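Novice: Just my_file-v2.pdb, nothing more (PDB, C-alpha atoms):
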```
ATOM      1  CA  MET A 253     -17.784  -0.742 -16.104  1.00  0.00           C
ATOM      2  CA  ALA A 254     -17.825   2.371 -13.982  1.00  0.00           C
ATOM      3  CA  MET A 255     -16.817   3.246 -10.475  1.00  0.00           C
ATOM      4  CA  VAL A 256     -19.052   5.662  -8.588  1.00  0.00           C
ATOM      5  CA  GLY A 257     -17.950   6.155  -5.012  1.00  0.00           C
ATOM      6  CA  LEU A 258     -17.501   2.813  -3.292  1.00  0.00           C
ATOM      7  CA  PHE A 259     -19.648   1.087  -5.923  1.00  0.00           C
ATOM      8  CA  TRP A 260     -18.488  -0.719  -9.064  1.00  0.00           C
ATOM      9  CA  VAL A 261     -21.363  -0.586 -11.547  1.00  0.00           C
ATOM     10  CA  THR A 262     -21.784  -2.691 -14.690  1.00  0.00           C
ATOM     11  CA  PRO A 263     -24.814  -3.118 -16.943  1.00  0.00           C
ATOM     12  CA  ASP A 264     -25.495  -6.418 -15.156  1.00  0.00           C
ATOM     13  CA  ALA A 265     -24.525  -5.904 -11.502  1.00  0.00           C
ATOM     14  CA  VAL A 266     -23.521  -3.510  -8.740  1.00  0.00           C
ATOM     15  CA  TYR A 267     -20.717  -4.316  -6.296  1.00  0.00           C
ATOM     16  CA  VAL A 268     -19.529  -2.776  -3.064  1.00  0.00           C
ATOM     17  CA  GLY A 269     -15.823  -2.210  -3.735  1.00  0.00           C
ATOM     18  CA  SER A 270     -14.305  -4.071  -6.657  1.00  0.00           C
ATOM     19  CA  PRO A 271     -15.924  -6.496  -9.077  1.00  0.00           C
ATOM     20  CA  PRO A 272     -15.283 -10.211  -8.467  1.00  0.00           C
ATOM     21  CA  THR A 273     -11.644 -11.099  -7.887  1.00  0.00           C
ATOM     22  CA  ALA A 274      -9.810 -13.922  -9.669  1.00  0.00           C
ATOM     23  CA  VAL A 275     -11.115 -16.376  -7.064  1.00  0.00           C
ATOM     24  CA  GLY A 276     -14.643 -14.979  -7.334  1.00  0.00           C
ATOM     25  CA  GLY A 277     -14.755 -12.959  -4.130  1.00  0.00           C
ATOM     26  CA  CYS A 278     -17.089  -9.959  -4.155  1.00  0.00           C
ATOM     27  CA  VAL A 279     -20.021  -8.293  -2.447  1.00  0.00           C
ATOM     28  CA  ARG A 280     -22.941  -7.736  -4.777  1.00  0.00           C
ATOM     29  CA  LEU A 281     -25.612  -5.174  -4.022  1.00  0.00           C
ATOM     30  CA  THR A 282     -29.153  -6.041  -5.154  1.00  0.00           C
ATOM     31  CA  ALA A 283     -32.635  -4.632  -4.728  1.00  0.00           C
ATOM     32  CA  ASP A 284     -33.194  -7.280  -2.044  1.00  0.00           C
ATOM     33  CA  GLY A 285     -29.966  -6.878  -0.074  1.00  0.00           C
ATOM     34  CA  LEU A 286     -26.296  -7.855  -0.112  1.00  0.00           C
ATOM     35  CA  GLU A 287     -24.665 -11.058  -1.338  1.00  0.00           C
ATOM     36  CA  ALA A 288     -21.109 -11.915  -0.313  1.00  0.00           C
ATOM     37  CA  VAL A 289     -19.456 -14.476  -2.587  1.00  0.00           C
ATOM     38  CA  ASP A 290     -16.154 -16.193  -1.873  1.00  0.00           C
ATOM     39  CA  PRO A 291     -14.547 -19.522  -2.831  1.00  0.00           C
ATOM     40  CA  ASP A 292     -16.357 -21.258   0.034  1.00  0.00           C
ATOM     41  CA  GLY A 293     -19.835 -20.186  -1.078  1.00  0.00           C
ATOM     42  CA  SER A 294     -22.107 -17.237  -0.601  1.00  0.00           C
ATOM     43  CA  ARG A 295     -24.047 -15.510   2.134  1.00  0.00           C
ATOM     44  CA  THR A 296     -26.966 -13.152   1.689  1.00  0.00           C
ATOM     45  CA  TRP A 297     -28.639 -10.563   3.857  1.00  0.00           C
ATOM     46  CA  THR A 298     -31.891  -8.783   3.066  1.00  0.00           C
ATOM     47  CA  TRP A 299     -32.149  -5.046   3.650  1.00  0.00           C
ATOM     48  CA  GLU A 300     -34.908  -5.751   6.164  1.00  0.00           C
ATOM     49  CA  GLY A 301     -32.629  -8.162   8.057  1.00  0.00           C
ATOM     50  CA  LEU A 302     -29.835  -5.599   8.406  1.00  0.00           C
ATOM     51  CA  ARG A 303     -29.593  -3.049  11.180  1.00  0.00           C
ATOM     52  CA  SER A 304     -26.489  -1.410   9.704  1.00  0.00           C
ATOM     53  CA  ALA A 305     -23.921  -1.788   6.920  1.00  0.00           C
ATOM     54  CA  VAL A 306     -20.709   0.236   7.139  1.00  0.00           C
ATOM     55  CA  VAL A 307     -17.589   0.082   4.976  1.00  0.00           C
ATOM     56  CA  GLU A 308     -14.462   0.611   7.091  1.00  0.00           C
ATOM     57  CA  ASP A 309     -10.763   0.983   6.234  1.00  0.00           C
ATOM     58  CA  VAL A 310     -11.590   2.918   3.063  1.00  0.00           C
ATOM     59  CA  PRO A 311      -8.365   4.213   1.506  1.00  0.00           C
ATOM     60  CA  THR A 312      -8.705   7.920   0.742  1.00  0.00           C
ATOM     61  CA  GLU A 313      -6.620   9.916  -1.658  1.00  0.00           C
ATOM     62  CA  SER A 314      -5.061  13.303  -1.218  1.00  0.00           C
ATOM     63  CA  PRO A 315      -6.634  16.058  -3.327  1.00  0.00           C
ATOM     64  CA  SER A 316      -3.340  16.828  -5.112  1.00  0.00           C
ATOM     65  CA  GLY A 317      -2.942  14.977  -8.368  1.00  0.00           C
ATOM     66  CA  ARG A 318      -6.359  13.405  -7.959  1.00  0.00           C
ATOM     67  CA  ALA A 319      -7.622  13.764 -11.523  1.00  0.00           C
ATOM     68  CA  SER A 320      -4.438  12.603 -13.202  1.00  0.00           C
ATOM     69  CA  LYS A 321      -4.085   9.494 -11.037  1.00  0.00           C
ATOM     70  CA  PHE A 322      -7.696   8.452 -10.817  1.00  0.00           C
ATOM     71  CA  LEU A 323      -8.297   6.656 -14.101  1.00  0.00           C
ATOM     72  CA  GLY A 324      -4.971   4.845 -13.909  1.00  0.00           C
ATOM     73  CA  SER A 325      -5.645   3.733 -10.354  1.00  0.00           C
ATOM     74  CA  VAL A 326      -9.110   2.408 -11.251  1.00  0.00           C
ATOM     75  CA  ILE A 327      -7.731   0.393 -14.156  1.00  0.00           C
ATOM     76  CA  SER A 328      -4.800  -0.845 -12.065  1.00  0.00           C
ATOM     77  CA  ALA A 329      -7.065  -1.943  -9.229  1.00  0.00           C
ATOM     78  CA  ALA A 330      -9.470  -3.727 -11.572  1.00  0.00           C
ATOM     79  CA  VAL A 331      -6.681  -5.542 -13.409  1.00  0.00           C
ATOM     80  CA  GLY A 332      -5.049  -6.484 -10.108  1.00  0.00           C
ATOM     81  CA  ALA A 333      -8.338  -7.834  -8.791  1.00  0.00           C
ATOM     82  CA  PHE A 334      -8.842 -10.007 -11.872  1.00  0.00           C
ATOM     83  CA  LEU A 335      -5.238 -11.264 -11.839  1.00  0.00           C
ATOM     84  CA  GLY A 336      -5.378 -12.188  -8.184  1.00  0.00           C
ATOM     85  CA  GLU A 337      -3.009  -9.458  -7.038  1.00  0.00           C
ATOM     86  CA  GLY A 338      -3.842  -7.994  -3.687  1.00  0.00           C
ATOM     87  CA  PRO A 339      -5.967  -4.863  -3.918  1.00  0.00           C
ATOM     88  CA  THR A 340      -6.439  -2.895  -0.728  1.00  0.00           C
ATOM     89  CA  GLU A 341      -8.822  -4.662   1.619  1.00  0.00           C
ATOM     90  CA  MET A 342     -11.739  -2.881   3.215  1.00  0.00           C
ATOM     91  CA  THR A 343     -14.182  -4.299   5.738  1.00  0.00           C
ATOM     92  CA  LEU A 344     -17.942  -4.298   5.342  1.00  0.00           C
ATOM     93  CA  ARG A 345     -19.326  -4.475   8.883  1.00  0.00           C
ATOM     94  CA  LEU A 346     -22.900  -5.669   9.080  1.00  0.00           C
ATOM     95  CA  GLU A 347     -25.187  -5.634  12.072  1.00  0.00           C
ATOM     96  CA  THR A 348     -27.753  -8.354  11.386  1.00  0.00           C
ATOM     97  CA  GLU A 349     -30.723  -9.859  13.192  1.00  0.00           C
ATOM     98  CA  CYS A 350     -28.371 -12.674  14.242  1.00  0.00           C
ATOM     99  CA  GLY A 351     -25.461 -10.482  15.347  1.00  0.00           C
ATOM    100  CA  PRO A 352     -22.432  -8.819  13.778  1.00  0.00           C
ATOM    101  CA  GLU A 353     -20.798  -9.976  10.540  1.00  0.00           C
ATOM    102  CA  ALA A 354     -17.598  -8.779   8.859  1.00  0.00           C
ATOM    103  CA  VAL A 355     -17.007  -9.241   5.141  1.00  0.00           C
ATOM    104  CA  THR A 356     -13.827  -8.385   3.255  1.00  0.00           C
ATOM    105  CA  VAL A 357     -14.327  -6.188   0.194  1.00  0.00           C
ATOM    106  CA  TYR A 358     -11.602  -4.884  -2.053  1.00  0.00           C
ATOM    107  CA  SER A 359     -10.931  -1.330  -3.091  1.00  0.00           C
ATOM    108  CA  ALA A 360     -11.490  -0.604  -6.764  1.00  0.00           C
ATOM    109  CA  ALA A 361      -9.343   2.552  -6.513  1.00  0.00           C
ATOM    110  CA  ALA A 362      -5.665   1.766  -6.017  1.00  0.00           C
ATOM    111  CA  GLY A 363      -4.925   5.422  -5.237  1.00  0.00           C
ATOM    112  CA  GLY A 364      -7.821   5.712  -2.809  1.00  0.00           C
ATOM    113  CA  TYR A 365     -11.281   7.238  -2.945  1.00  0.00           C
ATOM    114  CA  GLY A 366     -12.163  10.894  -2.695  1.00  0.00           C
ATOM    115  CA  ALA A 367     -13.266  11.735   0.862  1.00  0.00           C
ATOM    116  CA  LYS A 368     -16.597  13.227  -0.256  1.00  0.00           C
ATOM    117  CA  GLU A 369     -17.386  10.251  -2.489  1.00  0.00           C
ATOM    118  CA  ALA A 370     -16.577   7.819   0.306  1.00  0.00           C
ATOM    119  CA  ALA A 371     -18.819   9.734   2.730  1.00  0.00           C
ATOM    120  CA  LEU A 372     -21.682   9.924   0.211  1.00  0.00           C
ATOM    121  CA  SER A 373     -21.319   6.192  -0.504  1.00  0.00           C
ATOM    122  CA  LYS A 374     -21.410   5.288   3.179  1.00  0.00           C
ATOM    123  CA  ASP A 375     -24.483   7.466   3.651  1.00  0.00           C
ATOM    124  CA  LEU A 376     -26.165   5.826   0.665  1.00  0.00           C
ATOM    125  CA  LEU A 377     -25.466   2.341   2.034  1.00  0.00           C
ATOM    126  CA  ALA A 378     -27.000   3.392   5.369  1.00  0.00           C
ATOM    127  CA  ARG A 379     -30.049   4.726   3.520  1.00  0.00           C
ATOM    128  CA  PHE A 380     -30.489   1.358   1.769  1.00  0.00           C
ATOM    129  CA  VAL A 381     -30.545  -0.342   5.167  1.00  0.00           C
ATOM    130  CA  ALA A 382     -33.002   2.254   6.531  1.00  0.00           C
ATOM    131  CA  GLY A 383     -35.223   1.840   3.464  1.00  0.00           C
ATOM    132  CA  THR A 384     -34.982   5.546   2.542  1.00  0.00           C
ATOM    133  CA  ALA A 385     -33.111   4.988  -0.759  1.00  0.00           C
ATOM    134  CA  ASP A 386     -33.680   2.431  -3.494  1.00  0.00           C
ATOM    135  CA  PRO A 387     -30.780   0.221  -4.692  1.00  0.00           C
ATOM    136  CA  ARG A 388     -32.577  -0.260  -8.006  1.00  0.00           C
ATOM    137  CA  ALA A 389     -31.460   3.277  -8.923  1.00  0.00           C
ATOM    138  CA  LEU A 390     -27.873   1.974  -9.159  1.00  0.00           C
ATOM    139  CA  GLU A 391     -28.962  -1.002 -11.253  1.00  0.00           C
ATOM    140  CA  ALA A 392     -30.885   1.268 -13.652  1.00  0.00           C
ATOM    141  CA  TRP A 393     -27.930   3.653 -13.927  1.00  0.00           C
ATOM    142  CA  GLY A 394     -25.650   0.691 -14.681  1.00  0.00           C
ATOM    143  CA  ARG A 395     -27.887  -0.547 -17.489  1.00  0.00           C
ATOM    144  CA  GLU A 396     -27.872   2.934 -19.044  1.00  0.00           C
ATOM    145  CA  HIS A 397     -24.333   4.166 -18.271  1.00  0.00           C
ATOM    146  CA  GLY A 398     -22.306   1.172 -17.061  1.00  0.00           C
ATOM    147  CA  LEU A 399     -20.298   0.835 -20.265  1.00  0.00           C
ATOM    148  CA  GLU A 400     -19.398   4.526 -20.505  1.00  0.00           C
ATOM    149  CA  GLY A 401     -16.567   4.255 -18.003  1.00  0.00           C
ATOM    150  CA  THR A 402     -15.984   6.060 -14.739  1.00  0.00           C
ATOM    151  CA  PRO A 403     -17.341   9.618 -14.695  1.00  0.00           C
ATOM    152  CA  LYS A 404     -15.342  12.614 -13.449  1.00  0.00           C
ATOM    153  CA  PRO A 405     -15.344  13.283  -9.664  1.00  0.00           C
ATOM    154  CA  ARG A 406     -18.039  15.990  -9.634  1.00  0.00           C
ATOM    155  CA  VAL A 407     -20.300  13.864 -11.802  1.00  0.00           C
ATOM    156  CA  ARG A 408     -19.805  10.870  -9.489  1.00  0.00           C
ATOM    157  CA  GLU A 409     -20.724  13.013  -6.483  1.00  0.00           C
ATOM    158  CA  ALA A 410     -23.861  14.260  -8.274  1.00  0.00           C
ATOM    159  CA  VAL A 411     -24.812  10.691  -9.216  1.00  0.00           C
ATOM    160  CA  LEU A 412     -24.409   9.564  -5.595  1.00  0.00           C
ATOM    161  CA  GLN A 413     -26.659  12.445  -4.470  1.00  0.00           C
ATOM    162  CA  THR A 414     -29.258  11.460  -7.054  1.00  0.00           C
ATOM    163  CA  TRP A 415     -29.174   7.834  -5.907  1.00  0.00           C
ATOM    164  CA  ALA A 416     -29.637   8.918  -2.283  1.00  0.00           C
ATOM    165  CA  GLU A 417     -32.822  10.722  -3.291  1.00  0.00           C
ATOM    166  CA  ALA A 418     -34.250   7.779  -5.267  1.00  0.00           C
TER     167      ALA A 418
END
```
Represent the supplied structure as structure tokens.

Specialist:
Amino acid sequence: MAMVGLFWVTPDAVYVGSPPTAVGGCVRLTADGLEAVDPDGSRTWTWEGLRSAVVEDVPTESPSGRASKFLGSVISAAVGAFLGEGPTEMTLRLETECGPEAVTVYSAAAGGYGAKEAALSKDLLARFVAGTADPRALEAWGREHGLEGTPKPRVREAVLQTWAEA
């Protein structure tokens, strides 16, 4: 599994925020749209049915000590999510054909996300909604690189840029 920006990427799936929590809660990104899963069921939205998708309350990290803390914070957040401990909550605000929706997503980075990565991720999500970027680029990257672990910050930023151009 690898974290790139606000996305958790595996060979099989891409999530906004963390992978599924102990109770199954997650937001999965697909070529067709977004799927929010929680203990009460799931809801889906197609890209065409969304007017906007914005992640709010994103915890950001300070630049000092970033590299040394990052890997530990990713592992800590993932373990906490699977054990049912409370990772930092973020809000995915959707503007749909039927009105606004708010979905809780969980941070995969206990120490916070880099500001540039968070901004690039938010831009990429907006491009998916606008139809100017292809979510399948993330799925393909996950199949090829998802088991290699989380890349270094500059590599993650470059990957996000590449995805925005796909």

Novice: My list of candidates is A:Ser304, A:Ser270, A:Thr262, A:Thr312. Which is closest to Gly366 in chain A when distances are computed with all atoms listed in the file?

Specialist: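 For Gly366 in chain A, the nearest of the given residues is A:Thr312.
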
Novice: Could you work out how far CA of Tyr358 in chain A lies from CA of Glu341 in chain A, giving the answer in Å with one decimal?

Specialist: 4.6 Å

Novice: Just to confirm, what's the straight-line distance from CA of Ala362 in chain A to CA of Glu417 in chain A in Å (one decimal)?

Specialist: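 Spanning CA of Ala362 in chain A to CA of Glu417 in chain A is a straight-line distance of 28.7 Å.
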
Novice: Kindly give the distance, in Å, that separates CA of Ala418 in chain A and CA of Ala389 in chain A, rounded to a single decimal.

Specialist: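 Atom-to-atom, CA of Ala418 in chain A and CA of Ala389 in chain A are spaced 6.4 Å apart.
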
Novice: Got a sec to check which residues sit within 12 Å of (-15.4, -21.8, -4.1), counting only C-alpha atoms, and write them as JSON, numbers by chain?

Specialist: {"A": [273, 274, 275, 276, 277, 278, 289, 290, 291, 292, 293, 294]}

Novice: Which residues, named as in the file, does the PyMOL selection byres ((chain A and resi 416) around 12) pick out? Answer as a list in words.

Specialist: Ala371, Leu372, Ser373, Lys374, Asp375, Leu376, Leu377, Ala378, Arg379, Phe380, Val381, Ala382, Gly383, Thr384, Ala385, Asp386, Pro387, Arg388, Ala389, Leu390, Glu409, Ala410, Val411, Leu412, Gln413, Thr414, Trp415, Glu417 and Ala418 of chain A

Novice: What residues have an atom no more than 6 Å from (-19.5, 1.9, -17.4) in the file's own frame, counting all atoms listed in the file, and can you write them as a PyMOL selection string?

Specialist: chain A and resi 253-254+262+397-401
